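Below: my_file.cif (mmCIF, C-alpha atoms)
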data_input
loop_
_atom_site.group_PDB
_atom_site.id
_atom_site.type_symbol
_atom_site.label_atom_id
_atom_site.label_comp_id
_atom_site.auth_asym_id
_atom_site.auth_seq_id
_atom_site.Cartn_x
_atom_site.Cartn_y
_atom_site.Cartn_z
ATOM 1 C CA MET A 8 101.468 -47.929 99.338
ATOM 2 C CA GLY A 9 102.675 -44.495 100.193
ATOM 3 C CA ARG A 10 104.888 -44.438 97.124
ATOM 4 C CA LYS A 11 101.991 -45.288 94.839
ATOM 5 C CA ASN A 12 100.024 -42.349 96.194
ATOM 6 C CA LYS A 13 102.972 -40.027 95.659
ATOM 7 C CA ASP A 14 103.417 -41.316 92.088
ATOM 8 C CA ALA A 15 99.732 -40.677 91.393
ATOM 9 C CA ALA A 16 99.948 -37.186 92.856
ATOM 10 C CA GLY A 17 103.070 -36.481 90.842
ATOM 11 C CA SER A 18 101.438 -37.760 87.685
ATOM 12 C CA LYS A 19 98.376 -35.537 88.233
ATOM 13 C CA SER A 20 100.497 -32.497 88.916
ATOM 14 C CA GLY A 21 102.636 -33.250 85.895
ATOM 15 C CA ASN A 22 99.582 -33.474 83.699
ATOM 16 C CA ALA A 23 98.314 -30.160 85.045
ATOM 17 C CA ALA A 24 101.639 -28.583 84.241
ATOM 18 C CA THR A 25 101.669 -29.894 80.684
ATOM 19 C CA GLY A 26 98.049 -28.822 80.161
ATOM 20 C CA GLU A 27 96.810 -32.264 79.364
ATOM 21 C CA PRO A 28 93.356 -33.277 80.663
ATOM 22 C CA THR A 29 93.321 -35.274 83.814
ATOM 23 C CA GLU A 30 91.055 -38.131 84.655
ATOM 24 C CA THR A 31 88.710 -37.686 87.575
ATOM 25 C CA ASN A 32 86.112 -39.877 89.175
ATOM 26 C CA GLN A 33 83.364 -37.088 89.044
ATOM 27 C CA LYS A 34 80.492 -37.657 86.580
ATOM 28 C CA PRO A 35 79.972 -34.820 84.088
ATOM 29 C CA GLU A 36 76.816 -32.721 84.634
ATOM 30 C CA LYS A 37 74.072 -32.911 82.015
ATOM 31 C CA GLU A 38 73.754 -29.755 79.935
ATOM 32 C CA GLN A 39 70.417 -27.946 80.454
ATOM 33 C CA PRO A 40 68.710 -26.837 77.216
ATOM 34 C CA GLU A 41 68.607 -23.060 76.773
ATOM 35 C CA LYS A 42 65.219 -21.552 77.522
ATOM 36 C CA GLU A 43 63.813 -19.625 74.589
ATOM 37 C CA PRO A 44 62.842 -16.023 75.463
ATOM 38 C CA THR A 45 59.170 -15.136 75.496
ATOM 39 C CA PRO A 46 57.832 -12.649 72.903
ATOM 40 C CA VAL A 47 57.684 -9.972 75.603
ATOM 41 C CA GLU A 48 61.312 -10.579 76.634
ATOM 42 C CA SER A 49 62.539 -10.596 73.054
ATOM 43 C CA GLY A 50 60.457 -7.558 72.123
ATOM 44 C CA GLU A 51 58.796 -9.370 69.226
ATOM 45 C CA GLY A 52 55.189 -9.501 70.512
ATOM 46 C CA TRP A 53 52.711 -8.795 73.292
ATOM 47 C CA GLY A 54 52.921 -12.208 74.875
ATOM 48 C CA VAL A 55 49.162 -12.802 74.396
ATOM 49 C CA PRO A 56 48.108 -16.170 73.013
ATOM 50 C CA PHE A 57 46.297 -16.050 69.672
ATOM 51 C CA ASN A 58 42.516 -15.945 70.070
ATOM 52 C CA PRO A 59 40.483 -16.341 66.875
ATOM 53 C CA PHE A 60 37.309 -15.049 68.520
ATOM 54 C CA ALA A 61 39.046 -11.812 69.539
ATOM 55 C CA LEU A 62 40.290 -11.385 65.975
ATOM 56 C CA LEU A 63 36.792 -11.965 64.624
ATOM 57 C CA LEU A 64 35.359 -9.385 67.054
ATOM 58 C CA PHE A 65 38.018 -6.865 66.052
ATOM 59 C CA LEU A 66 37.351 -7.334 62.338
ATOM 60 C CA THR A 67 33.609 -7.018 62.934
ATOM 61 C CA CYS A 68 34.042 -3.686 64.751
ATOM 62 C CA VAL A 69 36.300 -2.365 61.996
ATOM 63 C CA SER A 70 33.769 -3.394 59.351
ATOM 64 C CA ILE A 71 30.916 -1.665 61.192
ATOM 65 C CA LEU A 72 32.929 1.537 61.496
ATOM 66 C CA ALA A 73 33.872 1.430 57.822
ATOM 67 C CA ILE A 74 30.272 0.867 56.727
ATOM 68 C CA SER A 75 29.063 3.684 59.007
ATOM 69 C CA ALA A 76 31.641 6.081 57.571
ATOM 70 C CA LEU A 77 30.670 5.195 54.001
ATOM 71 C CA HIS A 78 26.980 5.620 54.836
ATOM 72 C CA TYR A 79 27.677 8.990 56.459
ATOM 73 C CA TYR A 80 29.514 10.358 53.419
ATOM 74 C CA TRP A 81 26.950 8.886 51.045
ATOM 75 C CA GLU A 82 24.081 10.381 53.041
ATOM 76 C CA TRP A 83 25.562 13.866 53.133
ATOM 77 C CA GLY A 84 26.484 13.655 49.476
ATOM 78 C CA THR A 85 22.904 12.762 48.629
ATOM 79 C CA LEU A 86 21.521 15.592 50.755
ATOM 80 C CA ALA A 87 23.876 18.049 49.082
ATOM 81 C CA LYS A 88 22.397 17.135 45.670
ATOM 82 C CA CYS A 89 18.803 16.876 46.864
ATOM 83 C CA GLU A 90 16.595 19.661 45.568
ATOM 84 C CA THR A 91 13.666 18.938 47.887
ATOM 85 C CA CYS A 92 15.555 18.564 51.171
ATOM 86 C CA THR A 93 15.985 21.038 53.983
ATOM 87 C CA SER A 94 18.612 23.748 53.745
ATOM 88 C CA ASP A 95 20.536 25.827 56.247
ATOM 89 C CA TRP A 96 19.548 29.280 54.992
ATOM 90 C CA GLU A 97 16.321 29.835 56.901
ATOM 91 C CA SER A 98 15.674 33.227 58.414
ATOM 92 C CA TYR A 99 12.781 34.040 60.712
ATOM 93 C CA TYR A 100 10.994 37.391 60.453
ATOM 94 C CA GLN A 101 8.746 38.203 63.370
ATOM 95 C CA ILE A 102 5.280 39.378 62.400
ATOM 96 C CA GLU A 103 4.026 41.936 64.878
ATOM 97 C CA LEU A 104 0.477 41.562 66.143
ATOM 98 C CA SER A 105 -1.703 44.190 67.731
ATOM 99 C CA PRO A 106 -0.471 45.688 71.022
ATOM 100 C CA GLU A 107 -3.416 44.117 72.831
ATOM 101 C CA VAL A 108 -2.568 40.638 71.606
ATOM 102 C CA GLU A 109 1.145 40.955 72.323
ATOM 103 C CA SER A 110 0.494 42.240 75.837
ATOM 104 C CA LYS A 111 -1.886 39.348 76.526
ATOM 105 C CA PHE A 112 0.482 36.727 75.069
ATOM 106 C CA PRO A 113 3.989 38.089 75.693
ATOM 107 C CA ASP A 114 5.631 34.651 75.340
ATOM 108 C CA TYR A 115 3.996 33.718 72.034
ATOM 109 C CA LYS A 116 5.333 34.801 68.643
ATOM 110 C CA LEU A 117 4.416 34.602 64.967
ATOM 111 C CA TYR A 118 7.214 34.213 62.403
ATOM 112 C CA LEU A 119 7.563 34.210 58.636
ATOM 113 C CA VAL A 120 10.196 31.800 57.354
ATOM 114 C CA GLY A 121 12.620 33.179 54.767
ATOM 115 C CA GLU A 122 13.853 30.398 52.490
ATOM 116 C CA LEU A 123 16.348 30.843 49.642
ATOM 117 C CA TYR A 124 14.890 33.306 47.119
ATOM 118 C CA THR A 125 11.903 34.219 49.336
ATOM 119 C CA GLU A 126 14.315 35.741 51.845
ATOM 120 C CA GLU A 127 15.287 38.413 49.310
ATOM 121 C CA VAL A 128 11.622 39.387 49.065
ATOM 122 C CA TYR A 129 11.031 39.458 52.817
ATOM 123 C CA LYS A 130 14.099 41.595 53.523
ATOM 124 C CA THR A 131 12.445 44.604 51.932
ATOM 125 C CA LYS A 132 9.226 44.239 53.905
ATOM 126 C CA ASN A 133 8.257 45.894 57.150
ATOM 127 C CA PHE A 134 6.031 43.579 59.163
ATOM 128 C CA SER A 135 5.304 45.997 61.978
ATOM 129 C CA PHE A 136 1.670 46.167 63.014
ATOM 130 C CA GLY A 137 -0.203 48.833 61.069
ATOM 131 C CA LYS A 138 2.066 48.721 58.010
ATOM 132 C CA LYS A 139 0.251 47.848 54.802
ATOM 133 C CA GLU A 140 2.716 45.314 53.524
ATOM 134 C CA ARG A 141 1.407 42.768 51.044
ATOM 135 C CA LEU A 142 2.525 39.297 50.115
ATOM 136 C CA SER A 143 1.708 37.356 46.967
ATOM 137 C CA GLY A 144 2.411 33.728 47.835
ATOM 138 C CA VAL A 145 0.312 30.891 49.221
ATOM 139 C CA PRO A 146 -0.093 31.413 52.993
ATOM 140 C CA ILE A 147 0.706 28.398 55.173
ATOM 141 C CA LEU A 148 0.728 28.323 58.978
ATOM 142 C CA PHE A 149 2.594 25.630 60.915
ATOM 143 C CA ILE A 150 1.341 24.899 64.442
ATOM 144 C CA PRO A 151 3.741 22.892 66.662
ATOM 145 C CA GLY A 152 2.619 20.377 69.238
ATOM 146 C CA ASN A 153 3.376 19.606 72.848
ATOM 147 C CA ALA A 154 6.639 21.296 73.947
ATOM 148 C CA GLY A 155 7.248 22.126 70.274
ATOM 149 C CA PHE A 156 9.011 25.130 68.826
ATOM 150 C CA HIS A 157 8.602 27.172 65.656
ATOM 151 C CA GLU A 158 11.801 25.865 63.992
ATOM 152 C CA GLN A 159 10.121 22.471 63.567
ATOM 153 C CA GLY A 160 8.400 23.829 60.486
ATOM 154 C CA ARG A 161 11.648 24.386 58.605
ATOM 155 C CA THR A 162 11.513 20.958 56.939
ATOM 156 C CA ALA A 163 8.102 21.523 55.387
ATOM 157 C CA SER A 164 9.060 25.096 54.496
ATOM 158 C CA SER A 165 12.216 24.043 52.669
ATOM 159 C CA ILE A 166 10.590 21.187 50.765
ATOM 160 C CA MET A 167 7.562 23.208 49.662
ATOM 161 C CA THR A 168 9.682 26.198 48.650
ATOM 162 C CA ASN A 169 11.956 24.050 46.505
ATOM 163 C CA MET A 170 9.012 22.229 44.947
ATOM 164 C CA GLY A 171 7.468 25.549 43.977
ATOM 165 C CA LYS A 172 10.735 26.722 42.463
ATOM 166 C CA ASN A 173 11.214 23.497 40.467
ATOM 167 C CA ARG A 174 8.035 24.149 38.480
ATOM 168 C CA GLY A 175 10.025 26.543 36.297
ATOM 169 C CA THR A 176 10.089 30.306 35.883
ATOM 170 C CA LYS A 177 6.694 30.590 34.195
ATOM 171 C CA ASN A 178 4.815 28.212 36.474
ATOM 172 C CA MET A 179 6.734 28.986 39.670
ATOM 173 C CA PHE A 180 4.723 29.931 42.718
ATOM 174 C CA ILE A 181 5.777 30.973 46.206
ATOM 175 C CA PHE A 182 4.701 29.577 49.551
ATOM 176 C CA ASP A 183 4.635 32.123 52.372
ATOM 177 C CA PHE A 184 5.395 29.838 55.283
ATOM 178 C CA PHE A 185 4.406 31.094 58.737
ATOM 179 C CA THR A 186 5.017 29.375 62.056
ATOM 180 C CA VAL A 187 3.971 30.091 65.636
ATOM 181 C CA ASP A 188 6.057 29.831 68.784
ATOM 182 C CA PHE A 189 4.258 28.707 71.942
ATOM 183 C CA ASN A 190 7.344 29.003 74.138
ATOM 184 C CA GLU A 191 7.623 25.184 74.191
ATOM 185 C CA GLU A 192 4.703 24.897 76.571
ATOM 186 C CA LEU A 193 3.321 21.494 77.565
ATOM 187 C CA LEU A 194 0.036 21.777 75.691
ATOM 188 C CA ALA A 195 -0.942 18.148 76.191
ATOM 189 C CA PHE A 196 -0.983 18.447 79.986
ATOM 190 C CA SER A 197 -3.084 21.560 80.495
ATOM 191 C CA GLY A 198 -6.436 22.628 79.123
ATOM 192 C CA HIS A 199 -5.503 26.193 80.012
ATOM 193 C CA TYR A 200 -2.541 26.089 77.634
ATOM 194 C CA LEU A 201 -4.705 24.601 74.901
ATOM 195 C CA TYR A 202 -7.238 27.392 75.188
ATOM 196 C CA ARG A 203 -4.539 30.086 75.221
ATOM 197 C CA THR A 204 -2.765 28.691 72.167
ATOM 198 C CA LYS A 205 -6.068 28.333 70.326
ATOM 199 C CA GLU A 206 -6.932 31.972 71.012
ATOM 200 C CA PHE A 207 -3.466 33.174 69.981
ATOM 201 C CA THR A 208 -3.537 31.103 66.778
ATOM 202 C CA ASP A 209 -6.872 32.667 65.816
ATOM 203 C CA HIS A 210 -5.218 36.097 66.048
ATOM 204 C CA CYS A 211 -2.336 34.813 63.934
ATOM 205 C CA VAL A 212 -4.654 33.593 61.189
ATOM 206 C CA ARG A 213 -6.385 36.970 61.066
ATOM 207 C CA ARG A 214 -3.025 38.754 60.944
ATOM 208 C CA ILE A 215 -1.804 36.543 58.109
ATOM 209 C CA ALA A 216 -5.002 37.070 56.125
ATOM 210 C CA SER A 217 -4.512 40.844 56.411
ATOM 211 C CA LEU A 218 -1.205 40.582 54.507
ATOM 212 C CA TYR A 219 -3.005 39.703 51.257
ATOM 213 C CA GLU A 220 -5.178 41.874 49.104
ATOM 214 C CA ASP A 221 -7.471 39.122 47.890
ATOM 215 C CA ASP A 222 -9.458 36.662 49.965
ATOM 216 C CA ARG A 223 -6.832 33.951 50.360
ATOM 217 C CA LYS A 224 -7.360 31.028 52.672
ATOM 218 C CA VAL A 225 -4.603 30.076 55.087
ATOM 219 C CA LEU A 226 -3.491 26.457 54.828
ATOM 220 C CA LEU A 227 -2.910 24.964 58.285
ATOM 221 C CA ILE A 228 -0.346 22.309 59.214
ATOM 222 C CA GLY A 229 -0.698 20.924 62.742
ATOM 223 C CA HIS A 230 1.764 18.590 64.394
ATOM 224 C CA SER A 231 0.577 16.457 67.304
ATOM 225 C CA VAL A 232 -1.435 18.646 69.677
ATOM 226 C CA GLY A 233 -1.055 21.447 67.139
ATOM 227 C CA GLY A 234 -3.580 19.579 64.994
ATOM 228 C CA VAL A 235 -6.042 19.641 67.890
ATOM 229 C CA VAL A 236 -5.496 23.384 68.243
ATOM 230 C CA ALA A 237 -6.057 23.900 64.509
ATOM 231 C CA ARG A 238 -9.355 21.976 64.482
ATOM 232 C CA SER A 239 -10.702 24.107 67.337
ATOM 233 C CA LEU A 240 -9.996 27.489 65.708
ATOM 234 C CA ASP A 241 -12.870 29.924 65.293
ATOM 235 C CA THR A 242 -11.348 31.077 62.012
ATOM 236 C CA PHE A 243 -11.304 27.562 60.537
ATOM 237 C CA GLY A 244 -13.848 27.540 57.736
ATOM 238 C CA SER A 245 -13.832 31.287 57.174
ATOM 239 C CA LEU A 246 -10.163 32.334 56.867
ATOM 240 C CA SER A 247 -8.778 28.812 56.536
ATOM 241 C CA ASN A 248 -10.348 25.750 54.982
ATOM 242 C CA THR A 249 -7.508 23.243 54.628
ATOM 243 C CA LEU A 250 -5.832 21.357 57.456
ATOM 244 C CA ILE A 251 -2.955 18.871 57.307
ATOM 245 C CA THR A 252 -2.144 17.026 60.521
ATOM 246 C CA GLY A 253 0.665 14.707 61.519
ATOM 247 C CA GLU A 254 0.627 12.401 64.551
ATOM 248 C CA SER A 255 -2.440 14.230 65.786
ATOM 249 C CA SER A 256 -5.270 12.722 67.801
ATOM 250 C CA ARG A 257 -8.784 13.001 66.456
ATOM 251 C CA ILE A 258 -10.403 12.208 69.810
ATOM 252 C CA LEU A 259 -9.884 15.681 71.275
ATOM 253 C CA GLN A 260 -12.019 17.814 68.989
#
This structure in structure tokens:
Amino acid sequence: MGRKNKDAAGSKSGNAATGEPTETNQKPEKEQPEKEPTPVESGEGWGVPFNPFALLLFLTCVSILAISALHYYWEWGTLAKCETCTSDWESYYQIELSPEVESKFPDYKLYLVGELYTEEVYKTKNFSFGKKERLSGVPILFIPGNAGFHEQGRTASSIMTNMGKNRGTKNMFIFDFFTVDFNEELLAFSGHYLYRTKEFTDHCVRRIASLYEDDRKVLLIGHSVGGVVARSLDTFGSLSNTLITGESSRILQ
């Protein structure tokens, strides 16, 4: 028995020396399949599962941005070619009133809008009170509404000036566009403000009428509460006989 064990040990050692494989009673371990690396580990992706709804949302946002950009460029291109749209060359020339009026209404102002070719005419004029400057166009006065400001009349000024110019050299006529500044006061919330602006606008109409040699009527444009102010003027009917209103109430008259 002991010899058999020695022979087996010698046989195993001899096989190890010769490099031949030896037989053992241990069962071979099963090979584990290699785990594939995730997209994050391999650097080939973000590791986020594909979501068709997210892709649809992304494409929708891109489409909206693209359409908005095209609309923006188309809109500005159209405005650049438009001959009756507003421009960026307006200049405002203050028309001085009498010292009594300016001392009573220090925050209110009367302006003449210089638009394109009319600006070249107005540059040579002196609109100080007492100067006998004369204009030859059609007088228009814009009256802003509640918390309004005089620059709101630039749209109407630009459109009307361009329309007058587009009639041609022989038939061209000029609009002298005036606008008043009420210091952005809340006219709709105070009867006191309404009365003050009405009184100041009457002085403005008289001052505008004095800039013309003939008996020209001042065309009035009133926006919102400015239309209410225009309808209450003492000079309406004598120095002005035409009124255009926009978004103006006809209850307060």
In terms of the shortest atom-to-atom distance over all atoms listed in the file, which of A:Phe243, A:Phe207, A:Phe134, A:Tyr200 is closest to A:Glu109?
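Looking at the shortest contact to A:Glu109, the residue is A:Phe207.
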Could you jot down the atom CA of A:Phe156 to atom CA of A:Arg223 separation for me, Å, one decimal place?
25.9 Å
Choose the residue, out of A:Gly160, A:Gly155, A:Gly234, A:Gly229, that has the smallest atom-to-atom separation from A:Gly121; count only C-alpha atoms.
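Ranked by minimum distance to A:Gly121, first place goes to A:Gly160.
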Need to verify the contact set: stretch 224-226 of chain A, 6 Å, all atoms listed in the file, exclusion of same-chain residues closer than 2 positions in sequence. Can you return it as a list in words?
Pro146, Ile147, Leu246, Ser247 and Thr249 of chain A
Selected residues written out with C-alpha atoms, as a tab-separated table (two decimals), in the frame of the given file:
chain	number	residue	atom	x	y	z
A	146	PRO	CA	-0.09	31.41	52.99
A	147	ILE	CA	0.71	28.40	55.17
A	246	LEU	CA	-10.16	32.33	56.87
A	247	SER	CA	-8.78	28.81	56.54
A	249	THR	CA	-7.51	23.24	54.63
Write out as a ChimeraX atom specification each polymer residue whose atoms come within 12 Å of A:Ser255, counting only C-alpha atoms; drop sequence neighbours fewer than 3 positions from it.
/A:150-153,195,228-238,250-252,258-260
What's the 12 Å shell around A:Glu122, counting only C-alpha atoms, without same-chain residues fewer than 2 positions away, as a VMD selection string?
chain A and resid 93 to 100 119 to 120 124 to 130 160 to 169 171 to 172 181 to 185
Tell me, in Å to one decimal, how far atom CA of A:Gly244 is from atom CA of A:Ala216.
13.1 Å
Smallest atom-to-atom distance to A:Thr186: which of A:Ala154, A:Ile74, A:Leu240, A:Val212, using only C-alpha atoms?
A:Val212
Mind giving me the straight-line distance from atom CA of A:Asn248 to atom CA of A:Arg203 in Å, one decimal?
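Separating atom CA of A:Asn248 from atom CA of A:Arg203 is a distance of 21.5 Å.
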